[in-house]
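S.K.: I'm passing along target-v9.cif; it holds mmCIF, C-alpha atoms.
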data_target
#
loop_
_atom_site.label_atom_id
_atom_site.label_comp_id
_atom_site.auth_asym_id
_atom_site.auth_seq_id
_atom_site.Cartn_x
_atom_site.Cartn_y
_atom_site.Cartn_z
CA MET H 1 -17.34 -151.44 30.27
CA GLU H 2 -14.49 -151.40 27.77
CA SER H 3 -16.91 -151.09 24.84
CA SER H 4 -18.54 -148.13 26.59
CA LYS H 5 -15.12 -146.40 26.94
CA LYS H 6 -14.38 -147.09 23.31
CA ARG H 7 -17.65 -145.50 22.23
CA LYS H 8 -16.97 -142.40 24.38
CA GLY H 9 -13.46 -142.10 22.92
CA ALA H 10 -14.82 -142.38 19.39
CA LYS H 11 -17.33 -139.63 20.13
CA ARG H 12 -14.61 -137.34 21.47
CA ARG H 13 -12.47 -137.95 18.37
CA HIS H 14 -15.47 -137.31 16.10
CA HIS H 15 -16.31 -134.07 17.92
CA THR H 16 -12.70 -132.87 17.68
CA ALA H 17 -12.51 -133.75 14.00
CA SER H 18 -15.74 -131.94 13.18
CA ASN H 19 -14.47 -128.75 14.87
CA GLU H 20 -11.09 -128.93 13.21
CA LYS H 21 -10.65 -126.67 10.14
CA PRO H 22 -8.60 -127.62 7.10
CA LYS H 23 -4.92 -126.78 7.38
CA ALA H 24 -5.04 -124.23 4.53
CA GLU H 25 -7.91 -122.39 6.19
CA ARG H 26 -6.02 -122.26 9.52
CA VAL H 27 -2.96 -120.88 7.74
CA ASN H 28 -5.06 -118.11 6.13
CA GLU H 29 -6.60 -117.21 9.47
CA ASN H 30 -3.14 -117.01 11.06
CA LYS H 31 -1.98 -114.70 8.28
CA GLU H 32 -5.00 -112.45 8.75
CA GLU H 33 -4.34 -112.30 12.48
CA GLN H 34 -0.75 -111.30 11.77
CA ASN H 35 -1.77 -108.68 9.15
CA PRO H 36 -5.26 -107.34 9.99
CA LYS H 37 -4.82 -104.34 7.60
CA ALA H 38 -4.53 -106.66 4.61
CA SER H 39 -7.70 -108.40 5.71
CA LYS H 40 -9.57 -105.09 5.91
CA ARG H 41 -8.35 -104.12 2.43
CA ARG H 42 -9.61 -107.39 0.95
CA LYS H 43 -13.00 -106.98 2.61
CA SER H 44 -13.42 -103.43 1.34
CA GLN H 45 -12.32 -104.01 -2.27
CA GLY H 46 -15.91 -104.17 -3.58
CA PRO H 47 -17.17 -100.84 -2.16
CA VAL H 48 -13.91 -99.04 -3.08
CA SER H 49 -14.33 -100.14 -6.69
CA ASN H 50 -17.90 -98.75 -6.84
CA SER H 51 -16.79 -95.56 -5.14
CA SER H 52 -13.94 -95.11 -7.63
CA SER H 53 -16.32 -95.59 -10.54
CA SER H 54 -18.71 -92.98 -9.12
CA PHE H 55 -15.84 -90.55 -8.54
CA LEU H 56 -14.60 -90.97 -12.13
CA ASP H 57 -18.10 -90.37 -13.49
CA LYS H 58 -18.36 -87.17 -11.46
CA MET H 59 -14.96 -86.00 -12.68
CA LYS H 60 -15.90 -86.70 -16.31
CA ALA H 61 -19.15 -84.78 -15.90
CA LYS H 62 -17.26 -81.88 -14.31
CA LEU H 63 -14.71 -81.77 -17.15
CA SER H 64 -17.46 -82.03 -19.75
CA GLY H 65 -19.38 -79.19 -18.08
CA GLY H 66 -16.28 -77.03 -17.99
CA HIS H 67 -15.61 -77.70 -21.68
CA PHE H 68 -19.20 -76.74 -22.56
CA ARG H 69 -18.96 -73.46 -20.62
CA MET H 70 -15.73 -72.59 -22.44
CA LEU H 71 -17.28 -73.29 -25.87
CA ASN H 72 -20.48 -71.45 -24.94
CA GLU H 73 -18.51 -68.36 -23.95
CA LYS H 74 -16.54 -68.59 -27.20
CA LEU H 75 -19.75 -68.52 -29.28
CA TYR H 76 -21.10 -65.49 -27.44
CA THR H 77 -17.88 -63.49 -27.71
CA CYS H 78 -16.83 -64.00 -31.36
CA THR H 79 -18.36 -63.36 -34.78
CA GLY H 80 -20.25 -66.02 -36.71
CA GLU H 81 -17.42 -66.23 -39.23
CA GLU H 82 -14.87 -66.85 -36.46
CA ALA H 83 -17.12 -69.49 -34.88
CA LEU H 84 -17.50 -71.27 -38.23
CA GLU H 85 -13.72 -71.38 -38.68
CA TYR H 86 -13.21 -72.51 -35.08
CA PHE H 87 -15.56 -75.49 -35.34
CA ASN H 88 -14.41 -76.41 -38.84
CA ASP H 89 -10.89 -76.82 -37.42
CA ASP H 90 -12.23 -79.40 -34.94
CA PRO H 91 -15.84 -80.51 -35.63
CA THR H 92 -15.87 -82.71 -32.49
CA LEU H 93 -16.03 -79.52 -30.41
CA PHE H 94 -19.46 -78.86 -31.93
CA ASP H 95 -20.68 -82.24 -30.63
CA THR H 96 -19.24 -81.42 -27.20
CA TYR H 97 -21.03 -78.07 -27.20
CA HIS H 98 -24.40 -79.54 -28.17
CA ALA H 99 -24.14 -82.35 -25.62
CA GLY H 100 -23.64 -79.68 -22.93
CA TYR H 101 -26.43 -77.56 -24.40
CA GLN H 102 -28.87 -80.49 -24.25
CA GLU H 103 -27.89 -81.12 -20.63
CA GLN H 104 -28.61 -77.47 -19.77
CA MET H 105 -31.96 -77.57 -21.59
CA SER H 106 -32.97 -80.65 -19.60
CA HIS H 107 -33.30 -78.37 -16.55
CA TRP H 108 -35.76 -75.99 -18.28
CA PRO H 109 -39.45 -76.62 -17.49
CA GLU H 110 -40.42 -75.58 -21.03
CA LEU H 111 -38.44 -75.28 -24.26
CA PRO H 112 -38.97 -72.38 -26.69
CA VAL H 113 -38.57 -74.66 -29.71
CA ASN H 114 -41.76 -76.47 -28.67
CA ILE H 115 -43.69 -73.20 -28.64
CA ILE H 116 -42.38 -72.36 -32.12
CA ILE H 117 -43.29 -75.86 -33.34
CA LYS H 118 -46.82 -75.35 -32.03
CA TRP H 119 -46.99 -71.92 -33.71
CA LEU H 120 -46.05 -73.47 -37.06
CA LYS H 121 -48.58 -76.28 -36.64
CA ASP H 122 -51.26 -73.65 -36.05
CA HIS H 123 -50.37 -72.05 -39.40
CA SER H 124 -50.31 -73.37 -42.94
CA PRO H 125 -47.91 -76.26 -43.63
CA SER H 126 -47.18 -74.59 -46.97
CA LEU H 127 -45.09 -71.89 -45.23
CA VAL H 128 -41.39 -72.26 -46.05
CA VAL H 129 -39.18 -71.93 -42.97
CA ALA H 130 -35.53 -71.01 -42.38
CA ASP H 131 -34.21 -72.19 -39.01
CA PHE H 132 -31.09 -70.22 -38.06
CA GLY H 133 -28.91 -72.14 -35.58
CA CYS H 134 -30.99 -75.32 -35.82
CA GLY H 135 -28.85 -77.60 -33.61
CA ASP H 136 -30.22 -81.13 -34.01
CA ALA H 137 -32.84 -79.89 -36.52
CA ARG H 138 -35.66 -80.74 -34.14
CA LEU H 139 -37.86 -78.07 -35.67
CA ALA H 140 -37.60 -79.55 -39.18
CA LYS H 141 -38.30 -83.05 -37.84
CA SER H 142 -41.43 -81.93 -35.99
CA VAL H 143 -43.43 -80.08 -38.66
CA LYS H 144 -44.77 -80.74 -42.16
CA ASN H 145 -43.34 -77.48 -43.53
CA LYS H 146 -40.36 -77.28 -45.81
CA VAL H 147 -37.56 -76.20 -43.46
CA PHE H 148 -34.06 -75.03 -44.34
CA SER H 149 -31.92 -75.82 -41.30
CA PHE H 150 -28.71 -73.81 -40.82
CA ASP H 151 -25.87 -74.26 -38.34
CA LEU H 152 -22.08 -74.02 -38.10
CA ILE H 153 -21.51 -77.77 -38.51
CA SER H 154 -23.69 -80.35 -40.25
CA ASN H 155 -23.96 -83.78 -38.65
CA ASP H 156 -27.21 -84.42 -40.49
CA PRO H 157 -27.83 -84.43 -44.27
CA SER H 158 -30.75 -82.03 -43.74
CA VAL H 159 -28.57 -79.38 -42.05
CA ILE H 160 -26.72 -76.79 -44.13
CA SER H 161 -23.37 -75.75 -42.68
CA CYS H 162 -22.76 -72.00 -43.06
CA ASP H 163 -22.19 -68.66 -41.41
CA MET H 164 -25.72 -67.47 -40.56
CA ALA H 165 -24.89 -64.04 -41.95
CA ASN H 166 -24.44 -65.60 -45.37
CA THR H 167 -26.91 -68.37 -46.23
CA PRO H 168 -27.23 -69.90 -49.73
CA LEU H 169 -30.94 -68.98 -50.06
CA CYS H 170 -32.31 -66.55 -52.63
CA SER H 171 -33.78 -63.21 -51.62
CA SER H 172 -37.50 -63.19 -50.71
CA SER H 173 -37.70 -66.98 -50.77
CA VAL H 174 -39.04 -68.01 -47.32
CA ASP H 175 -42.14 -67.25 -45.27
CA VAL H 176 -40.78 -67.71 -41.73
CA ALA H 177 -37.31 -67.11 -40.24
CA VAL H 178 -36.61 -68.60 -36.82
CA PHE H 179 -33.89 -67.77 -34.27
CA CYS H 180 -34.35 -70.06 -31.28
CA LEU H 181 -31.67 -69.18 -28.68
CA SER H 182 -29.25 -68.58 -31.56
CA LEU H 183 -28.46 -64.83 -31.61
CA MET H 184 -25.07 -65.66 -30.13
CA GLY H 185 -22.38 -63.94 -32.18
CA THR H 186 -21.13 -60.42 -31.55
CA ASN H 187 -22.34 -59.64 -35.08
CA PHE H 188 -25.90 -60.88 -34.44
CA PRO H 189 -27.42 -57.88 -36.35
CA SER H 190 -25.93 -59.33 -39.55
CA TYR H 191 -27.90 -62.55 -38.93
CA LEU H 192 -31.12 -60.56 -38.69
CA ASN H 193 -30.17 -58.61 -41.80
CA GLU H 194 -29.76 -61.94 -43.63
CA ALA H 195 -33.17 -63.07 -42.35
CA HIS H 196 -34.66 -59.85 -43.71
CA ARG H 197 -33.05 -60.52 -47.11
CA ILE H 198 -34.41 -64.05 -47.53
CA LEU H 199 -37.91 -63.34 -46.15
CA LYS H 200 -40.79 -62.56 -48.46
CA PRO H 201 -42.72 -59.32 -47.83
CA ARG H 202 -45.01 -59.87 -44.81
CA GLY H 203 -42.92 -62.90 -43.89
CA TRP H 204 -42.59 -63.81 -40.19
CA LEU H 205 -39.52 -63.39 -37.99
CA LEU H 206 -39.70 -65.38 -34.74
CA ILE H 207 -37.03 -64.83 -32.08
CA ALA H 208 -36.72 -66.73 -28.80
CA GLU H 209 -33.96 -65.61 -26.44
CA VAL H 210 -32.83 -66.18 -22.86
CA LYS H 211 -34.72 -63.76 -20.63
CA SER H 212 -31.64 -62.56 -18.72
CA ARG H 213 -30.22 -61.13 -21.97
CA PHE H 214 -33.08 -58.62 -21.92
CA ASP H 215 -33.04 -57.74 -18.24
CA SER H 216 -31.76 -54.16 -18.14
CA ASN H 217 -31.48 -54.38 -14.33
CA THR H 218 -28.65 -56.93 -14.65
CA GLY H 219 -26.84 -55.51 -17.67
CA GLY H 220 -29.11 -56.94 -20.33
CA ALA H 221 -30.54 -55.09 -23.32
CA ASP H 222 -33.70 -53.03 -23.12
CA PRO H 223 -36.39 -55.09 -24.98
CA LYS H 224 -37.93 -51.87 -26.31
CA LYS H 225 -34.62 -50.74 -27.78
CA PHE H 226 -34.11 -54.17 -29.37
CA THR H 227 -37.62 -54.12 -30.83
CA LYS H 228 -37.06 -50.63 -32.26
CA ALA H 229 -33.79 -51.74 -33.90
CA VAL H 230 -35.48 -54.75 -35.55
CA CYS H 231 -38.29 -52.48 -36.76
CA ASP H 232 -35.73 -50.01 -38.18
CA LEU H 233 -34.33 -52.96 -40.16
CA GLY H 234 -37.68 -53.24 -41.97
CA PHE H 235 -40.03 -55.17 -39.69
CA THR H 236 -43.23 -54.50 -37.77
CA SER H 237 -43.55 -55.74 -34.20
CA VAL H 238 -46.60 -58.00 -33.89
CA ALA H 239 -46.28 -59.45 -30.39
CA LYS H 240 -43.96 -60.09 -27.46
CA ASP H 241 -44.32 -62.87 -24.90
CA PHE H 242 -42.65 -62.35 -21.51
CA SER H 243 -44.72 -64.98 -19.68
CA ASN H 244 -42.00 -67.63 -19.45
CA LYS H 245 -39.42 -67.24 -16.68
CA MET H 246 -36.59 -68.64 -18.83
CA PHE H 247 -37.01 -66.97 -22.23
CA ILE H 248 -38.68 -64.19 -24.22
CA LEU H 249 -40.46 -64.57 -27.57
CA PHE H 250 -40.61 -61.82 -30.20
CA TYR H 251 -42.92 -61.96 -33.25
CA PHE H 252 -42.18 -59.62 -36.18
CA LYS H 253 -43.42 -59.29 -39.76
CA LYS H 254 -41.41 -57.97 -42.67
CA LYS H 255 -42.83 -54.76 -44.07
CA GLU H 256 -44.27 -54.88 -47.57
CA GLU H 257 -42.78 -51.59 -48.67
CA GLN H 258 -39.06 -51.38 -48.04
CA ILE H 259 -37.09 -48.17 -47.59
CA SER H 260 -34.67 -47.84 -50.50
CA LYS H 261 -31.91 -46.46 -48.30
CA LYS H 262 -31.62 -47.97 -44.82
CA LYS H 263 -30.57 -45.68 -42.01
CA ASP H 264 -27.93 -46.58 -39.46
CA ILE H 265 -29.49 -48.75 -36.79
CA ASP H 266 -28.68 -48.36 -33.11
CA TRP H 267 -28.44 -51.99 -32.04
CA PRO H 268 -28.28 -52.70 -28.30
CA GLU H 269 -25.58 -55.05 -27.07
CA LEU H 270 -27.02 -58.41 -26.08
CA LYS H 271 -25.62 -59.73 -22.82
CA PRO H 272 -23.82 -63.07 -23.24
CA CYS H 273 -25.59 -65.98 -21.57
CA LEU H 274 -22.81 -67.58 -19.52
CA TYR H 275 -23.67 -70.63 -17.44
CA LYS H 276 -22.49 -70.95 -13.84
CA ARG H 277 -20.81 -74.02 -12.42
CA ARG H 278 -23.26 -76.48 -10.90
#
Re-express the file's structure as structure tokens.
M.R.:
Amino acid sequence: MESSKKRKGAKRRHHTASNEKPKAERVNENKEEQNPKASKRRKSQGPVSNSSSSFLDKMKAKLSGGHFRMLNEKLYTCTGEEALEYFNDDPTLFDTYHAGYQEQMSHWPELPVNIIIKWLKDHSPSLVVADFGCGDARLAKSVKNKVFSFDLISNDPSVISCDMANTPLCSSSVDVAVFCLSLMGTNFPSYLNEAHRILKPRGWLLIAEVKSRFDSNTGGADPKKFTKAVCDLGFTSVAKDFSNKMFILFYFKKKEEQISKKKDIDWPELKPCLYKRR
């Protein structure tokens, strides 16, 4: 009988001991009961950290986008010479601009530079090309042709830094001049005049521009008036492509016989392409 009582007592002690928590754990539980807010904060530390990181990323993207829009507006509302001086003062701004530009282009279903690359591949690789406003020199890297790549800042040995109204090339030295979304300065006619100077007779002038800049219903230039002005400069209009919803392509050829005295040209104002906040 006594041994049976002893066994029952041992079982009760064992059961109590197994349910008992360590002293330190009991103390922590008591503290959490006394301060439930602190407990909630500790439990939510992980998700708050991820949320903060996501918020910071969004803020950085917003600031970067705002900086790009400011630089983009600057390029559309100043001369090429002013833009060259501006970026030479702080070349990192050029990187900021092009990072934003690439982000914007990522939303386009088709890029005009790819169409121009295809056009060049369909023609002789012996044609010498001048790429005005080349950016990352994608055109030069994608074709077999000899390509002179021009832009305001050179981050690549193959890119020549200059004002596009004043390139270092000799007159009548290239077969194709390309402006791919690069008629940005208020003095854009001087860029086209420079292209005319360096092109050989019957040389090609290819222009790709944002379609909204040539929508006369929303303040853009009349494409016919623009074409006439380029022809008055000494070119013949060969073709126009309005099929893409994002951009227009113009194909011109330099006339063989040049007028000795050029008349004043009535250039239309090209509407700046200003990006909206996303």
S.K.: On this structure, the PyMOL selection byres ((chain H and resi 126) around 9) would catch which residues? List them as a VMD selection string, sorted by chain and number.
M.R.: chain H and resid 123 to 125 127 to 128 144 to 146
S.K.: Smallest atom-to-atom distance to Arg197 (chain H): which of H:Leu139, H:Leu75, H:Cys170, H:Ile248, using only C-alpha atoms?
M.R.: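 Looking only at the distances to Arg197 (chain H), the closest residue turns out to be H:Cys170.
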S.K.: For the structure provided, state which residues fall under the PyMOL selection byres ((chain H and resi 208-222) around 12), and present them as a PyMOL selection string.
M.R.: chain H and resi 76+105+108+111-116+131-133+177-184+205-207+223-229+240-252+267-275
S.K.: Just give me the gap between CA of Val230 (chain H) and CA of Val129 (chain H) in Å, one decimal is fine.
M.R.: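 CA of Val129 (chain H) lies 19.1 Å from CA of Val230 (chain H).
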S.K.: For CA of Phe150 (chain H) and CA of Asp136 (chain H), quote the distance in Å rounded to one decimal.
M.R.: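 Value for the CA of Phe150 (chain H)-CA of Asp136 (chain H) distance: 10.1 Å.
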S.K.: Which residue, H:Thr236, H:Asp89, H:Met164, H:Arg202, has the smallest gap to Ser149 (chain H) when you use only C-alpha atoms?
M.R.: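 Using only C-alpha atoms, Ser149 (chain H) sits closest to H:Met164.
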S.K.: Selection in question (the file shown): the PyMOL selection byres ((chain H and resi 194) around 10). Which residues does it include, as a list in words?
M.R.: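 Output from the PyMOL selection byres ((chain H and resi 194) around 10), applied to this file: Met164, Ala165, Asn166, Thr167, Leu169, Ser171, Ala177, Pro189, Ser190, Tyr191, Leu192, Asn193, Ala195, His196, Arg197, Ile198 and Leu199 of chain H.
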S.K.: Using C-alpha atoms, can you export the residues from the last selection as a PDB file, in the frame of the given file?
M.R.:
ATOM      1  CA  MET H 164     -25.720 -67.470 -40.560  1.00  0.00           C
ATOM      2  CA  ALA H 165     -24.890 -64.040 -41.950  1.00  0.00           C
ATOM      3  CA  ASN H 166     -24.440 -65.600 -45.370  1.00  0.00           C
ATOM      4  CA  THR H 167     -26.910 -68.370 -46.230  1.00  0.00           C
ATOM      5  CA  LEU H 169     -30.940 -68.980 -50.060  1.00  0.00           C
ATOM      6  CA  SER H 171     -33.780 -63.210 -51.620  1.00  0.00           C
ATOM      7  CA  ALA H 177     -37.310 -67.110 -40.240  1.00  0.00           C
ATOM      8  CA  PRO H 189     -27.420 -57.880 -36.350  1.00  0.00           C
ATOM      9  CA  SER H 190     -25.930 -59.330 -39.550  1.00  0.00           C
ATOM     10  CA  TYR H 191     -27.900 -62.550 -38.930  1.00  0.00           C
ATOM     11  CA  LEU H 192     -31.120 -60.560 -38.690  1.00  0.00           C
ATOM     12  CA  ASN H 193     -30.170 -58.610 -41.800  1.00  0.00           C
ATOM     13  CA  ALA H 195     -33.170 -63.070 -42.350  1.00  0.00           C
ATOM     14  CA  HIS H 196     -34.660 -59.850 -43.710  1.00  0.00           C
ATOM     15  CA  ARG H 197     -33.050 -60.520 -47.110  1.00  0.00           C
ATOM     16  CA  ILE H 198     -34.410 -64.050 -47.530  1.00  0.00           C
ATOM     17  CA  LEU H 199     -37.910 -63.340 -46.150  1.00  0.00           C
TER      18      LEU H 199
END
